[in-house]
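Trainee: Sending over a structure as structure tokens; questions will come in a sec.
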Amino acid sequence: MIVAENLVKEFRLAERKPGLAGSLSTLFTRRHRIVRAVDGVSFTIPAGSKTAYIGANGAGKSTTIKMLTGIMTPTSGRCVVRGIEPYRHRQANARGIGVVFGQRSQLWWDLSVPDSFRILRCIYDIPDPVYRRNLALYRELLDIDALGTTPVRQLSLGQRMRAEIAASLLHDPQVVFWDEPTIGLDMVLKDAVRHLVNHVHRELGTTVVLTSHDIADIAAICDSALVVDRGRVVHQGSLRELLHTAGRRCVLFDHRGGPGPGQACADIERGLPGVSASATEDGRIRVDYPAEAFTSRQVLAFLLDHFDLADCYAPEPDLEDVLRRIYAGEHRAPATADAPGARREGAV
């Protein structure tokens, strides 16, 4: 459904020297530097999947989405969406996709939301049954009628995002690209949006590509993850596989008799070097251990040997912690100066 092959996007930025003299000198001598926002990215997103495209600010997510939607042309490499190169066949590509950019509008600024929807109905040639079905769904889940006839420019951010999300799905696209779609929404509306996209995916098999810094959006919507760091893909697979890259994991347990919490924690840290143990507010003991040093079986075996366990469980690693490690550079794809995707900057 979506394929990127060695996708590169570079921007040519003017360099200015500081001060008045520096500004005047640029009138006669212009210097530029090349910034590579997307650095040889390759991936495949199968039809019908719900993929989180994750990365820190400046990782190249939005730039990649803009190339996949045909807004930008790659510097090199290629991408294909539904068998179409988006930047070569923009109109054909646009008819099969839906797009939401959190800070950009696809609605008509001086018209009301109903008027914008009627225009989109004509542009996409949406059949009457499809149009009526989707409006009924938006009324039920997004309370879209509450926006009334207010011009889009007078709507709050949250109100406009409700309309943008509905507009992106109005024509039953095969693929939707959502870039920070729940920005400005309260918790109730966020839940409604998540329910809406999951409903559409279930009924129509829509392929969903979501970029978001909201971990709850990712967990509630997506079943796979594509993680980029500094313009390169560092992970692609299921969310569960991403969680398994966590550097530290934990076990929580309760025990009968034996040493008190303080002594139990000290015994654990002495018996498992590199592990940290602490008592929780509800009386359990939490054992945090480095995944590269111990397996969960080794930790559980130690606990069974030394304590009379009454309750024990190992929660899934926290997705936010995993992503924080990636963003901090603790898990980074290797790069070499001679590789095709190596970062290059310099004066031109």
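Here's how to read the names in the structure tokens: chain A, B, ... by the order shown, residue numbers from 1 in each chain, ligand numbers from 1 in the order shown.
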List the spatial neighbours of Phe43 (chain A) as a list of chain:residue names - criterion: any atom at most 10 Å away, only C-alpha atoms, same-chain residues fewer than 2 positions off excluded.
Mentor: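 Result of the neighbour search: A:Ile2, A:Val3, A:Ala4, A:Glu5, A:Asn6, A:Leu7, A:Val41, A:Ile45, A:Pro46, A:Cys79, A:Leu226, A:Val233, A:His235, A:Gln236.
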Trainee: Which of region 29-226 of chain A counts as strand (DSSP E or B) under DSSP, as a VMD selection string please?
Mentor: chain A and resid 31 to 45 50 to 54 76 to 81 84 97 to 101 104 112 151 175 to 179 207 to 211 224 to 226
Trainee: Kindly assemble as JSON lines a list of the region 139-186 of chain A residues that lie within 12 Å of region 96-107 of chain A, each paired with its nearest atom pair and their distance in Å to one decimal, using only C-alpha atoms, sorted first by chain and then by ascending residue number.
Mentor:
```
{"residue": "A:Pro151", "atom": "CA", "partner": "A:Leu107", "partner_atom": "CA", "distance": 9.9}
{"residue": "A:Val152", "atom": "CA", "partner": "A:Leu107", "partner_atom": "CA", "distance": 7.2}
{"residue": "A:Arg153", "atom": "CA", "partner": "A:Leu107", "partner_atom": "CA", "distance": 9.5}
{"residue": "A:Leu155", "atom": "CA", "partner": "A:Leu107", "partner_atom": "CA", "distance": 11.6}
{"residue": "A:Leu157", "atom": "CA", "partner": "A:Gly102", "partner_atom": "CA", "distance": 9.2}
{"residue": "A:Gly158", "atom": "CA", "partner": "A:Gly102", "partner_atom": "CA", "distance": 10.2}
{"residue": "A:Arg160", "atom": "CA", "partner": "A:Ser105", "partner_atom": "CA", "distance": 8.3}
{"residue": "A:Met161", "atom": "CA", "partner": "A:Gly102", "partner_atom": "CA", "distance": 7.3}
{"residue": "A:Arg162", "atom": "CA", "partner": "A:Val100", "partner_atom": "CA", "distance": 10.4}
{"residue": "A:Ala163", "atom": "CA", "partner": "A:Leu107", "partner_atom": "CA", "distance": 8.2}
{"residue": "A:Glu164", "atom": "CA", "partner": "A:Val100", "partner_atom": "CA", "distance": 6.3}
{"residue": "A:Ile165", "atom": "CA", "partner": "A:Val100", "partner_atom": "CA", "distance": 6.4}
{"residue": "A:Ala166", "atom": "CA", "partner": "A:Val100", "partner_atom": "CA", "distance": 9.5}
{"residue": "A:Ala167", "atom": "CA", "partner": "A:Gly98", "partner_atom": "CA", "distance": 7.9}
{"residue": "A:Ser168", "atom": "CA", "partner": "A:Gly98", "partner_atom": "CA", "distance": 4.4}
{"residue": "A:Leu169", "atom": "CA", "partner": "A:Gly98", "partner_atom": "CA", "distance": 6.0}
{"residue": "A:Leu170", "atom": "CA", "partner": "A:Gly98", "partner_atom": "CA", "distance": 8.4}
{"residue": "A:His171", "atom": "CA", "partner": "A:Gly98", "partner_atom": "CA", "distance": 8.1}
{"residue": "A:Asp172", "atom": "CA", "partner": "A:Gly96", "partner_atom": "CA", "distance": 8.1}
{"residue": "A:Pro173", "atom": "CA", "partner": "A:Ile97", "partner_atom": "CA", "distance": 4.8}
{"residue": "A:Gln174", "atom": "CA", "partner": "A:Gly96", "partner_atom": "CA", "distance": 5.5}
{"residue": "A:Val175", "atom": "CA", "partner": "A:Ile97", "partner_atom": "CA", "distance": 4.8}
{"residue": "A:Val176", "atom": "CA", "partner": "A:Gly98", "partner_atom": "CA", "distance": 4.4}
{"residue": "A:Phe177", "atom": "CA", "partner": "A:Val99", "partner_atom": "CA", "distance": 4.8}
{"residue": "A:Trp178", "atom": "CA", "partner": "A:Val100", "partner_atom": "CA", "distance": 4.7}
{"residue": "A:Asp179", "atom": "CA", "partner": "A:Phe101", "partner_atom": "CA", "distance": 4.8}
{"residue": "A:Glu180", "atom": "CA", "partner": "A:Gly102", "partner_atom": "CA", "distance": 5.1}
{"residue": "A:Pro181", "atom": "CA", "partner": "A:Gly102", "partner_atom": "CA", "distance": 5.5}
{"residue": "A:Thr182", "atom": "CA", "partner": "A:Gly102", "partner_atom": "CA", "distance": 7.7}
{"residue": "A:Ile183", "atom": "CA", "partner": "A:Gly102", "partner_atom": "CA", "distance": 6.4}
{"residue": "A:Gly184", "atom": "CA", "partner": "A:Gly102", "partner_atom": "CA", "distance": 8.9}
{"residue": "A:Leu185", "atom": "CA", "partner": "A:Gly102", "partner_atom": "CA", "distance": 11.0}
```
Trainee: Quick one: everything within 9 Å of Gly60 (chain A), counting only C-alpha atoms, minus sequence neighbours fewer than 2 positions away in the same chain. Send it as number ranges by chain.
Mentor: A: 9, 36-39, 55-58, 62-65, 228-232
Trainee: For the residues in that selection, give me N, CA and C atoms as an mmCIF file, in the first residue's frame.
Mentor:
```
data_model
loop_
_atom_site.group_PDB
_atom_site.id
_atom_site.type_symbol
_atom_site.label_atom_id
_atom_site.label_comp_id
_atom_site.auth_asym_id
_atom_site.auth_seq_id
_atom_site.Cartn_x
_atom_site.Cartn_y
_atom_site.Cartn_z
ATOM 1 N N LYS A 9 15.030 14.037 1.712
ATOM 2 C CA LYS A 9 14.567 15.402 1.496
ATOM 3 C C LYS A 9 15.561 16.362 2.122
ATOM 4 N N ARG A 36 19.535 18.041 5.775
ATOM 5 C CA ARG A 36 18.830 16.832 5.361
ATOM 6 C C ARG A 36 17.802 16.474 6.427
ATOM 7 N N ALA A 37 16.535 16.708 6.117
ATOM 8 C CA ALA A 37 15.465 16.443 7.076
ATOM 9 C C ALA A 37 15.057 14.980 7.086
ATOM 10 N N VAL A 38 15.098 14.331 5.921
ATOM 11 C CA VAL A 38 14.796 12.908 5.808
ATOM 12 C C VAL A 38 16.002 12.255 5.160
ATOM 13 N N ASP A 39 16.524 11.213 5.825
ATOM 14 C CA ASP A 39 17.867 10.744 5.499
ATOM 15 C C ASP A 39 17.873 9.290 5.009
ATOM 16 N N GLY A 55 8.455 9.939 16.309
ATOM 17 C CA GLY A 55 9.777 10.542 16.369
ATOM 18 C C GLY A 55 9.720 11.841 17.142
ATOM 19 N N ALA A 56 10.867 12.275 17.635
ATOM 20 C CA ALA A 56 10.936 13.544 18.351
ATOM 21 C C ALA A 56 10.738 14.702 17.379
ATOM 22 N N ASN A 57 10.551 15.905 17.909
ATOM 23 C CA ASN A 57 10.466 17.091 17.061
ATOM 24 C C ASN A 57 11.729 17.201 16.214
ATOM 25 N N GLY A 58 11.542 17.444 14.914
ATOM 26 C CA GLY A 58 12.677 17.561 14.021
ATOM 27 C C GLY A 58 13.194 16.240 13.490
ATOM 28 N N SER A 62 6.888 14.910 9.743
ATOM 29 C CA SER A 62 5.969 15.710 8.933
ATOM 30 C C SER A 62 6.472 15.865 7.503
ATOM 31 N N THR A 63 7.785 15.979 7.339
ATOM 32 C CA THR A 63 8.354 16.085 5.994
ATOM 33 C C THR A 63 8.064 14.827 5.192
ATOM 34 N N THR A 64 8.211 13.664 5.829
ATOM 35 C CA THR A 64 7.909 12.405 5.145
ATOM 36 C C THR A 64 6.436 12.333 4.772
ATOM 37 N N ILE A 65 5.568 12.717 5.697
ATOM 38 C CA ILE A 65 4.126 12.699 5.413
ATOM 39 C C ILE A 65 3.802 13.621 4.252
ATOM 40 N N VAL A 228 11.290 6.969 13.755
ATOM 41 C CA VAL A 228 12.391 7.659 13.089
ATOM 42 C C VAL A 228 13.148 8.492 14.108
ATOM 43 N N ASP A 229 14.442 8.571 13.908
ATOM 44 C CA ASP A 229 15.307 9.369 14.765
ATOM 45 C C ASP A 229 16.342 10.052 13.888
ATOM 46 N N ARG A 230 16.344 11.379 13.900
ATOM 47 C CA ARG A 230 17.269 12.163 13.086
ATOM 48 C C ARG A 230 17.163 11.794 11.601
ATOM 49 N N GLY A 231 15.931 11.640 11.147
ATOM 50 C CA GLY A 231 15.685 11.411 9.734
ATOM 51 C C GLY A 231 15.821 9.990 9.259
ATOM 52 N N ARG A 232 16.106 9.043 10.173
ATOM 53 C CA ARG A 232 16.272 7.645 9.783
ATOM 54 C C ARG A 232 15.336 6.740 10.562
#
```
Trainee: Pick out the residues sitting within 7 Å of region 124-135 of chain A, and hand them over as a list in words; count only C-alpha atoms, and ignore anything fewer than 2 positions along from it in its own chain.
Mentor: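 My reading of the contact set: Arg95, Leu120, Arg121, Cys122, Leu137, Tyr138, Arg139, Leu170 and His171 of chain A.
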Trainee: If you run DSSP on the backbone, which residues of region 149-302 of chain A are alpha helix (DSSP H), as an mmCIF file with C-alpha atoms, in the first residue's frame?
Mentor:
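Below you can see out06.cif, which holds the result:
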```cif
data_model
loop_
_atom_site.group_PDB
_atom_site.id
_atom_site.type_symbol
_atom_site.label_atom_id
_atom_site.label_comp_id
_atom_site.auth_asym_id
_atom_site.auth_seq_id
_atom_site.Cartn_x
_atom_site.Cartn_y
_atom_site.Cartn_z
ATOM 1 C CA LEU A 157 -8.765 24.967 17.684
ATOM 2 C CA GLY A 158 -10.631 22.016 19.163
ATOM 3 C CA GLN A 159 -13.761 22.750 17.132
ATOM 4 C CA ARG A 160 -11.778 23.102 13.936
ATOM 5 C CA MET A 161 -9.923 19.836 14.534
ATOM 6 C CA ARG A 162 -13.246 18.001 14.877
ATOM 7 C CA ALA A 163 -14.243 19.348 11.473
ATOM 8 C CA GLU A 164 -10.814 18.563 9.956
ATOM 9 C CA ILE A 165 -10.987 14.948 11.128
ATOM 10 C CA ALA A 166 -14.493 14.536 9.719
ATOM 11 C CA ALA A 167 -13.457 16.156 6.416
ATOM 12 C CA SER A 168 -10.500 13.784 6.028
ATOM 13 C CA LEU A 169 -12.833 10.766 6.175
ATOM 14 C CA MET A 187 -10.389 13.903 26.763
ATOM 15 C CA VAL A 188 -13.972 13.075 25.728
ATOM 16 C CA LEU A 189 -13.424 14.181 22.130
ATOM 17 C CA LYS A 190 -10.064 12.405 21.960
ATOM 18 C CA ASP A 191 -11.823 9.185 22.897
ATOM 19 C CA ALA A 192 -14.471 9.895 20.244
ATOM 20 C CA VAL A 193 -11.822 10.435 17.551
ATOM 21 C CA ARG A 194 -10.062 7.204 18.493
ATOM 22 C CA HIS A 195 -13.373 5.345 18.345
ATOM 23 C CA LEU A 196 -14.161 6.944 14.970
ATOM 24 C CA VAL A 197 -10.932 5.941 13.245
ATOM 25 C CA ASN A 198 -11.093 2.422 14.667
ATOM 26 C CA HIS A 199 -14.692 2.147 13.456
ATOM 27 C CA VAL A 200 -13.741 3.317 9.953
ATOM 28 C CA HIS A 201 -10.782 0.928 9.864
ATOM 29 C CA ARG A 202 -12.955 -1.973 10.979
ATOM 30 C CA GLU A 203 -15.756 -1.250 8.485
ATOM 31 C CA LEU A 204 -13.736 -0.171 5.442
ATOM 32 C CA ILE A 215 1.017 8.269 23.742
ATOM 33 C CA ALA A 216 -2.644 7.503 24.475
ATOM 34 C CA ASP A 217 -3.535 8.140 20.801
ATOM 35 C CA ILE A 218 -0.844 5.724 19.654
ATOM 36 C CA ALA A 219 -1.835 3.004 22.130
ATOM 37 C CA ALA A 220 -5.571 3.305 21.386
ATOM 38 C CA ILE A 221 -5.351 3.466 17.588
ATOM 39 C CA LEU A 239 3.950 -1.993 19.210
ATOM 40 C CA ARG A 240 4.682 -5.066 21.307
ATOM 41 C CA GLU A 241 8.044 -5.494 19.571
ATOM 42 C CA LEU A 242 8.802 -1.831 20.228
ATOM 43 C CA LEU A 243 8.003 -2.258 23.917
ATOM 44 C CA PRO A 261 9.972 -4.193 52.782
ATOM 45 C CA GLY A 262 13.248 -2.472 53.627
ATOM 46 C CA GLN A 263 15.150 -5.697 54.258
ATOM 47 C CA ALA A 264 13.523 -7.400 51.241
ATOM 48 C CA CYS A 265 14.663 -4.589 48.941
ATOM 49 C CA ALA A 266 18.198 -4.772 50.302
ATOM 50 C CA ASP A 267 18.283 -8.575 49.834
ATOM 51 C CA ILE A 268 17.125 -8.262 46.227
ATOM 52 C CA GLU A 269 19.676 -5.584 45.321
ATOM 53 C CA ARG A 270 22.451 -7.614 46.944
ATOM 54 C CA GLY A 271 21.426 -10.833 45.202
ATOM 55 C CA SER A 296 12.297 -12.013 33.513
ATOM 56 C CA ARG A 297 12.680 -15.756 34.190
ATOM 57 C CA GLN A 298 15.923 -15.163 36.111
ATOM 58 C CA VAL A 299 14.347 -12.419 38.227
ATOM 59 C CA LEU A 300 11.234 -14.502 38.958
ATOM 60 C CA ALA A 301 13.383 -17.533 39.835
ATOM 61 C CA PHE A 302 15.328 -15.458 42.375
#
```
Trainee: Using only C-alpha atoms, which residues sit within 8 Å of Thr150 (chain A) once same-chain residues fewer than 4 positions away are excluded, as a list in words?
Mentor: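 Counting only C-alpha atoms, the residues come to Leu111, Ser112, Val113, Gln154 and Leu155 of chain A.
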Trainee: Let me see the file: selected residues, N, CA and C atoms, as a compact mmCIF listing (two decimals), in the first residue's frame.
Mentor:
```
# COMPACT_ATOMS: atom_id res chain seq x y z
N LEU A 111 -15.99 30.12 5.17
CA LEU A 111 -17.25 29.39 5.06
C LEU A 111 -17.50 28.57 6.32
N SER A 112 -18.73 28.16 6.50
CA SER A 112 -19.07 27.30 7.63
C SER A 112 -18.63 25.87 7.33
N VAL A 113 -18.63 25.04 8.37
CA VAL A 113 -18.27 23.63 8.18
C VAL A 113 -19.24 22.92 7.24
N GLN A 154 -13.57 31.41 12.81
CA GLN A 154 -14.02 31.80 14.14
C GLN A 154 -14.15 30.62 15.09
N LEU A 155 -13.84 29.44 14.63
CA LEU A 155 -13.90 28.25 15.49
C LEU A 155 -12.67 28.18 16.38
```
